[in-house]
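Written out below as structure tokens is the structure these notes cover.
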Amino acid sequence: MSTEALSFVPSRILFVLAKMDPMIESSRSQTGFEAPVPALLFQLQDDNPQTARVPAAQQLLLPATPLAICEEIGLNSWAALKLYEDGWLSFSPETTLHIDEAQEAELRFIGSLVLTGCDRLMLGRLLAGLPKPYAYDLKRLYYDWLAGRWRALPDPRAHPEAAFTDWLETLVQASDIGSLTGIGELSRDALARVKSQAAQPELASQTWSASSS
């Protein structure tokens, strides 16, 4: 995502988007705001935000209350009720005694957007293409301002080579010679061990043939 594309985004919204996932680095943009720099975003193939949806069937062992979640994230209980009345939440925080995992994710997702300064108009724009209910894991998706839609963040475990390449590029940009040197030494050691293991069966076969003759 270019810094030009982020220049019009309110700083508070950038802050919460930068906190959504540990794979998002921060670098200062030309505007003076802390602009999130997504890692691996351009190597991700399946970025459907539905992959970040929390299943409704998952029930918490110790179900939380809407009030407890509101207090945890700093959302006013009246604001949470207003979100339900305006159609942003699928359940009433006032009459629902305990919530399941999907409802908790929904309250955290919408509540976090409100806490960053999103009003009705901004919520309408951000959530226009996202299916309800908004039970999405904040740590698994981000908003692409250029495309005007939500995208799922890549899972580094599903793209290990891309994650490693991205990390190397980060170290190069930071001129981290020590880390790059260490990686090189570890790589050479790993390669030597693999070659040694590959040579052992052949050596054993030659030894067996010599003893049999």
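Identifiers in this document derive from the order of the structure tokens: chains are assigned A, B, ..., residues are numbered from 1 separately in each chain, and ligands are numbered from 1 in order of occurrence.
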
Show which residues sit within 12 Å of A:Pro49, as a short mmCIF file (atom, residue, chain, number, x, y, z; two decimals) with N, CA and C atoms, in the first residue's frame. Count only C-alpha atoms, and ignore same-chain residues fewer than 6 positions away.
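Contents of the output file out_35.cif:
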data_model
loop_
_atom_site.label_atom_id
_atom_site.label_comp_id
_atom_site.auth_asym_id
_atom_site.auth_seq_id
_atom_site.Cartn_x
_atom_site.Cartn_y
_atom_site.Cartn_z
N LEU A 127 -17.91 -0.72 5.69
CA LEU A 127 -18.56 -2.02 5.79
C LEU A 127 -19.51 -2.31 4.63
N GLY A 129 -19.17 -3.42 1.59
CA GLY A 129 -19.01 -4.66 0.84
C GLY A 129 -18.78 -5.88 1.71
N LEU A 130 -18.95 -5.72 3.02
CA LEU A 130 -18.69 -6.82 3.95
C LEU A 130 -20.00 -7.41 4.44
N PRO A 131 -20.24 -8.70 4.20
CA PRO A 131 -21.51 -9.32 4.61
C PRO A 131 -21.70 -9.33 6.12
N LYS A 132 -22.96 -9.16 6.54
CA LYS A 132 -23.30 -9.27 7.95
C LYS A 132 -23.51 -10.73 8.32
N TYR A 134 -21.02 -8.93 11.28
CA TYR A 134 -19.62 -8.55 11.17
C TYR A 134 -18.76 -9.25 12.22
N ALA A 135 -18.86 -10.57 12.24
CA ALA A 135 -18.10 -11.38 13.21
C ALA A 135 -16.76 -11.75 12.60
N TYR A 136 -15.88 -10.77 12.48
CA TYR A 136 -14.58 -10.97 11.85
C TYR A 136 -13.47 -10.78 12.88
N ASP A 137 -12.44 -11.59 12.73
CA ASP A 137 -11.28 -11.52 13.62
C ASP A 137 -10.41 -10.34 13.19
N LEU A 138 -10.25 -9.36 14.06
CA LEU A 138 -9.48 -8.16 13.75
C LEU A 138 -8.04 -8.47 13.36
N LYS A 139 -7.51 -9.56 13.87
CA LYS A 139 -6.10 -9.89 13.61
C LYS A 139 -5.89 -10.60 12.29
N ARG A 140 -6.98 -10.86 11.57
CA ARG A 140 -6.84 -11.67 10.36
C ARG A 140 -7.29 -10.95 9.09
N LEU A 141 -7.58 -9.67 9.17
CA LEU A 141 -7.94 -8.94 7.96
C LEU A 141 -7.56 -7.47 8.09
N TYR A 142 -7.55 -6.80 6.96
CA TYR A 142 -7.21 -5.37 6.92
C TYR A 142 -8.03 -4.71 5.82
N TYR A 143 -8.07 -3.40 5.86
CA TYR A 143 -8.84 -2.66 4.86
C TYR A 143 -7.90 -2.11 3.80
N ASP A 144 -8.14 -2.47 2.55
CA ASP A 144 -7.35 -1.98 1.41
C ASP A 144 -7.98 -0.68 0.92
N ARG A 149 -11.91 -2.15 -0.14
CA ARG A 149 -12.54 -3.36 0.40
C ARG A 149 -11.63 -4.02 1.43
N TRP A 150 -12.22 -4.93 2.21
CA TRP A 150 -11.47 -5.69 3.20
C TRP A 150 -10.80 -6.88 2.55
N ARG A 151 -9.61 -7.20 3.03
CA ARG A 151 -8.87 -8.37 2.55
C ARG A 151 -8.36 -9.16 3.74
N ALA A 152 -8.29 -10.47 3.55
CA ALA A 152 -7.74 -11.33 4.61
C ALA A 152 -6.23 -11.21 4.61
N LEU A 153 -5.65 -11.16 5.80
CA LEU A 153 -4.19 -11.15 5.92
C LEU A 153 -3.65 -12.55 5.63
N PRO A 154 -2.47 -12.63 5.06
CA PRO A 154 -1.89 -13.94 4.77
C PRO A 154 -1.47 -14.66 6.03
#

Item to check | Residue neighbourhood stretch 122-124 of chain A, 10 Å, only C-alpha atoms, exclusion window fewer than 5 positions, as number ranges by chain | outcome: A: 88, 110, 113-114, 117, 129

I'd like the neighbourhood of A:Lys82 as a short mmCIF file (atom, residue, chain, number, x, y, z; two decimals) with C-alpha atoms, in the first residue's frame, where a residue qualifies if any of its atoms comes within 12 Å (using only C-alpha atoms), though same-chain residues fewer than 6 positions away should be ignored.
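The result, stored in result33.cif:
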data_model
loop_
_atom_site.label_atom_id
_atom_site.label_comp_id
_atom_site.auth_asym_id
_atom_site.auth_seq_id
_atom_site.Cartn_x
_atom_site.Cartn_y
_atom_site.Cartn_z
CA LEU A 75 -16.65 1.18 24.45
CA ASN A 76 -19.55 2.93 26.13
CA TRP A 88 -24.48 -2.75 12.91
CA LEU A 89 -24.70 -5.44 15.59
CA SER A 90 -26.81 -8.58 15.14
CA PHE A 91 -27.66 -8.88 18.84
CA SER A 92 -28.75 -6.54 21.60
CA PRO A 93 -25.99 -5.89 24.16
CA GLU A 94 -28.70 -4.95 26.61
CA ILE A 110 -17.45 -2.90 15.19
CA GLY A 111 -16.54 -1.43 18.55
CA VAL A 114 -16.13 3.21 16.46
CA ASP A 119 -19.10 7.76 12.53
CA ARG A 120 -22.19 6.38 10.73
#

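The two atoms in question, atom CA of A:Leu171 and atom CA of A:His159, are spaced 18.5 Å apart.
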
Checklist entry - How many Å lie between atom CA of A:Asp100 and atom CA of A:Asp86, rounded to one decimal? => result 21.2 Å

Item to check | alpha helix (DSSP H) positions in stretch 62-180 of chain A, given as JSON, numbers by chain | outcome: {"A": [66, 67, 68, 69, 70, 71, 72, 73, 77, 78, 79, 80, 81, 82, 83, 84, 85, 101, 102, 103, 104, 105, 106, 107, 108, 109, 110, 111, 112, 113, 114, 115, 120, 121, 122, 123, 124, 125, 126, 160, 161, 162, 163, 164, 165, 166, 167, 168, 169, 170, 171, 172, 173, 177, 178, 179, 180]}

List as a JSON list (two decimals) with N, CA and C atoms, in the first residue's frame the protein and nucleic acid residues near A:Ala68, meaning an atom at most 12 Å away when only C-alpha atoms are counted, but skip any in the same chain fewer than 3 places from it.
[["chain", "number", "residue", "atom", "x", "y", "z"],
["A", 63, "PRO", "N", -18.34, -18.08, 28.67],
["A", 63, "PRO", "CA", -18.91, -17.01, 27.83],
["A", 63, "PRO", "C", -18.87, -15.66, 28.52],
["A", 64, "ALA", "N", -18.48, -14.66, 27.75],
["A", 64, "ALA", "CA", -18.40, -13.30, 28.29],
["A", 64, "ALA", "C", -19.74, -12.60, 28.18],
["A", 65, "THR", "N", -19.83, -11.48, 28.81],
["A", 65, "THR", "CA", -21.03, -10.65, 28.70],
["A", 65, "THR", "C", -20.71, -9.45, 27.82],
["A", 71, "GLU", "N", -16.34, -2.92, 28.39],
["A", 71, "GLU", "CA", -15.43, -2.33, 29.37],
["A", 71, "GLU", "C", -13.97, -2.64, 29.00],
["A", 72, "GLU", "N", -13.75, -3.83, 28.46],
["A", 72, "GLU", "CA", -12.38, -4.23, 28.10],
["A", 72, "GLU", "C", -11.81, -3.38, 26.97],
["A", 73, "ILE", "N", -12.63, -3.10, 25.95],
["A", 73, "ILE", "CA", -12.13, -2.35, 24.80],
["A", 73, "ILE", "C", -12.36, -0.85, 24.95],
["A", 74, "GLY", "N", -13.09, -0.44, 26.02],
["A", 74, "GLY", "CA", -13.32, 0.97, 26.25],
["A", 74, "GLY", "C", -14.50, 1.56, 25.51],
["A", 75, "LEU", "N", -15.47, 0.72, 25.18],
["A", 75, "LEU", "CA", -16.65, 1.18, 24.45],
["A", 75, "LEU", "C", -17.79, 1.45, 25.42],
["A", 76, "ASN", "N", -18.41, 2.58, 25.29],
["A", 76, "ASN", "CA", -19.55, 2.93, 26.13],
["A", 76, "ASN", "C", -20.71, 1.97, 25.86],
["A", 77, "SER", "N", -21.37, 1.48, 26.91],
["A", 77, "SER", "CA", -22.46, 0.53, 26.74],
["A", 77, "SER", "C", -23.62, 1.14, 25.96],
["A", 80, "ALA", "N", -22.75, 0.87, 22.38],
["A", 80, "ALA", "CA", -22.95, -0.50, 21.89],
["A", 80, "ALA", "C", -24.43, -0.76, 21.58],
["A", 93, "PRO", "N", -26.88, -5.79, 22.99],
["A", 93, "PRO", "CA", -25.99, -5.89, 24.16],
["A", 93, "PRO", "C", -26.73, -5.72, 25.48],
["A", 94, "GLU", "N", -27.93, -5.20, 25.40],
["A", 94, "GLU", "CA", -28.70, -4.95, 26.61],
["A", 94, "GLU", "C", -29.45, -6.18, 27.09],
["A", 97, "LEU", "N", -27.50, -11.86, 27.67],
["A", 97, "LEU", "CA", -26.75, -12.03, 28.91],
["A", 97, "LEU", "C", -25.33, -12.53, 28.66],
["A", 98, "HIS", "N", -25.20, -13.55, 27.80],
["A", 98, "HIS", "CA", -23.89, -14.09, 27.47],
["A", 98, "HIS", "C", -23.78, -14.20, 25.95],
["A", 99, "ILE", "N", -22.58, -14.02, 25.45],
["A", 99, "ILE", "CA", -22.36, -14.05, 24.01],
["A", 99, "ILE", "C", -21.38, -15.16, 23.64],
["A", 104, "GLU", "N", -18.83, -12.11, 20.23],
["A", 104, "GLU", "CA", -17.73, -11.35, 20.85],
["A", 104, "GLU", "C", -16.85, -10.73, 19.77],
["A", 107, "LEU", "N", -18.67, -7.72, 18.26],
["A", 107, "LEU", "CA", -18.65, -6.55, 19.13],
["A", 107, "LEU", "C", -17.26, -5.90, 19.13],
["A", 108, "ARG", "N", -16.23, -6.71, 19.15],
["A", 108, "ARG", "CA", -14.87, -6.18, 19.13],
["A", 108, "ARG", "C", -14.57, -5.50, 17.79]]

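In this model, the gap between atom CA of A:Thr116 and atom CA of A:Ile69 comes to 16.4 Å.
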
Item to check | Those of stretch 30-181 of chain A in DSSP strand (DSSP E), formatted as JSON, numbers by chain | outcome: {"A": [34, 35, 36, 37, 38, 141, 142, 143, 144, 149, 150, 151, 152]}
